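Note sheet for the following structure.
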Amino acid sequence: MKPQPYIVGHSFGGHAFGLLPNHYKISDMYVFATGAGWRGWMTRRESMRVNLLWNAILPALTFFKVYTPMSMLGMGEDLPYGVYKQWRQWCKYPHYFFDDPIVSEKMQEKFAQIKVPIVAANAVDDLWALPKSRDAFMQGYTNADLTLLDIPLTASLPKIGHMGYFRANAQPLWENVLSWIETTMNQSLLYNPS
């Protein structure tokens, strides 16, 4: 039996999977830090900071730069203006684009087609994608077999946040992903030995 491909993603990766035209070629997905982006899911302090970011800082910087300079703020990669504008719009809704009246029906239909197992793991200190934000977004995968994991902080991993999955001390998180892939592959072989 030829093994099916897996997807391992981060943040937008959980959004992107439901948008893929060939999602049926994927057997399972594991994603870190996916959330709905709505500031109402955030802590009060982070919500106020994000409000300032969305409504004052980023519009001004984007106007002067003609793109959104996320790297200038230490917040990831720069974004084209249209991507920033759409992202900002969808983050106004508690369930992201599933609540946007312009695209909600189309998105609900697309995401309902996904029927594979998905593990969505979020750190409890991820201020942009707390577990409740993840839960709000992941419910859009109405026909997927969802496993929702809250990653606790430990002495060896006292801080994760939104980007801490890529730091050296986060290696145990990736070992968990590899173990999960190995387990699901073995289960697949048991049920489909040919």
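By order of appearance in the structure tokens: chains A, B, ..., then residues from 1 within every chain, and ligands from 1 in the order shown.
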
- Message: At a cut-off of 10 Å, using only C-alpha atoms, what residues contact Asp126 (chain A)? Leave out same-chain residues fewer than 5 positions from it and give the result as a VMD selection string.
- Response: chain A and resid 33 to 35 42 131 133 151 159 to 164

- Using only C-alpha atoms, determine which residues lie at most 12 Å from Lys106 (chain A), disregarding the query and same-chain residues fewer than 5 positions distant; provide the list as a PyMOL selection string. chain A and resi 18-19+97-101+111-113+140

Let me see the file: selected residues, N, CA, C and O atoms, as a compact mmCIF listing (two decimals), in the first residue's frame.
# COMPACT_ATOMS: atom_id res chain seq x y z
N GLY A 18 -8.43 23.61 4.28
CA GLY A 18 -9.80 23.57 3.80
C GLY A 18 -10.01 24.25 2.46
O GLY A 18 -11.04 24.07 1.82
N LEU A 19 -9.01 25.01 2.03
CA LEU A 19 -9.11 25.72 0.76
C LEU A 19 -8.44 24.97 -0.39
O LEU A 19 -8.58 25.37 -1.54
N PHE A 97 -13.77 33.59 8.51
CA PHE A 97 -14.54 33.71 7.28
C PHE A 97 -15.83 32.90 7.29
O PHE A 97 -16.70 33.08 6.44
N PHE A 98 -16.00 32.01 8.25
CA PHE A 98 -17.26 31.27 8.35
C PHE A 98 -18.42 32.20 8.72
O PHE A 98 -19.58 31.84 8.53
N ASP A 99 -18.12 33.37 9.28
CA ASP A 99 -19.15 34.34 9.65
C ASP A 99 -19.29 35.49 8.64
O ASP A 99 -20.20 36.30 8.76
N ASP A 100 -18.40 35.56 7.68
CA ASP A 100 -18.44 36.65 6.70
C ASP A 100 -19.59 36.39 5.73
O ASP A 100 -19.57 35.40 4.99
N PRO A 101 -20.62 37.24 5.70
CA PRO A 101 -21.78 36.97 4.84
C PRO A 101 -21.45 36.86 3.36
O PRO A 101 -22.18 36.22 2.62
N PHE A 111 -15.21 23.44 3.52
CA PHE A 111 -14.65 22.81 4.71
C PHE A 111 -15.42 21.55 5.10
O PHE A 111 -14.86 20.64 5.70
N ALA A 112 -16.69 21.48 4.75
CA ALA A 112 -17.49 20.29 5.04
C ALA A 112 -17.01 19.09 4.22
O ALA A 112 -17.27 17.95 4.57
N GLN A 113 -16.29 19.34 3.14
CA GLN A 113 -15.77 18.25 2.31
C GLN A 113 -14.60 17.52 2.97
O GLN A 113 -14.28 16.40 2.59
N GLY A 140 -15.47 24.70 11.93
CA GLY A 140 -15.80 24.78 10.52
C GLY A 140 -15.50 23.49 9.76
O GLY A 140 -16.07 23.24 8.70

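Atom pair CA of Pro5 (chain A) / CA of Ser27 (chain A): separated by 6.0 Å.
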
- Running DSSP on the backbone, which parts of region 58-187 of chain A land in strand (DSSP E or B), as a list in words? Tyr67, Thr68, Leu79, Pro80, Pro117, Ile118, Val119, Ala120, Ala121, Asn122, Ala123, Asp145, Leu146, Thr147, Leu148, Leu149, Asp150 and Ile151 of chain A

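If you measure from each of A:Ala36, A:Val31, A:Ala56, A:Phe137 to Pro117 (chain A) using only C-alpha atoms, the closest one turns out to be A:Val31.
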
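Contact shell of Tyr67 (chain A) at 6 Å (only C-alpha atoms; same-chain neighbours under 3 positions omitted): A:Thr62, A:Pro80, A:Tyr81.
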
- Task: Name the residues of region 42-179 of chain A that come out as alpha helix (DSSP H) in a backbone DSSP run; write them as an MDAnalysis selection string.
- Result: chainID A and resid 44:52 58:65 81:90 104:112 131:138 171:179

- Message: Rounded to one decimal, what separation in Å do you get between CA of Lys85 (chain A) and CA of Val50 (chain A)?
- Response: 14.7 Å

- Residues at most 12 Å from Tyr30 (chain A), counting only C-alpha atoms, excluding those fewer than 4 positions away in the same chain, as a ChimeraX atom specification? /A:5-11,13-14,17,26,34,116-122,145-149,173-174,176-181,184

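Across the structure, CA of Gly40 (chain A) and CA of Val103 (chain A) are spaced 21.0 Å apart.
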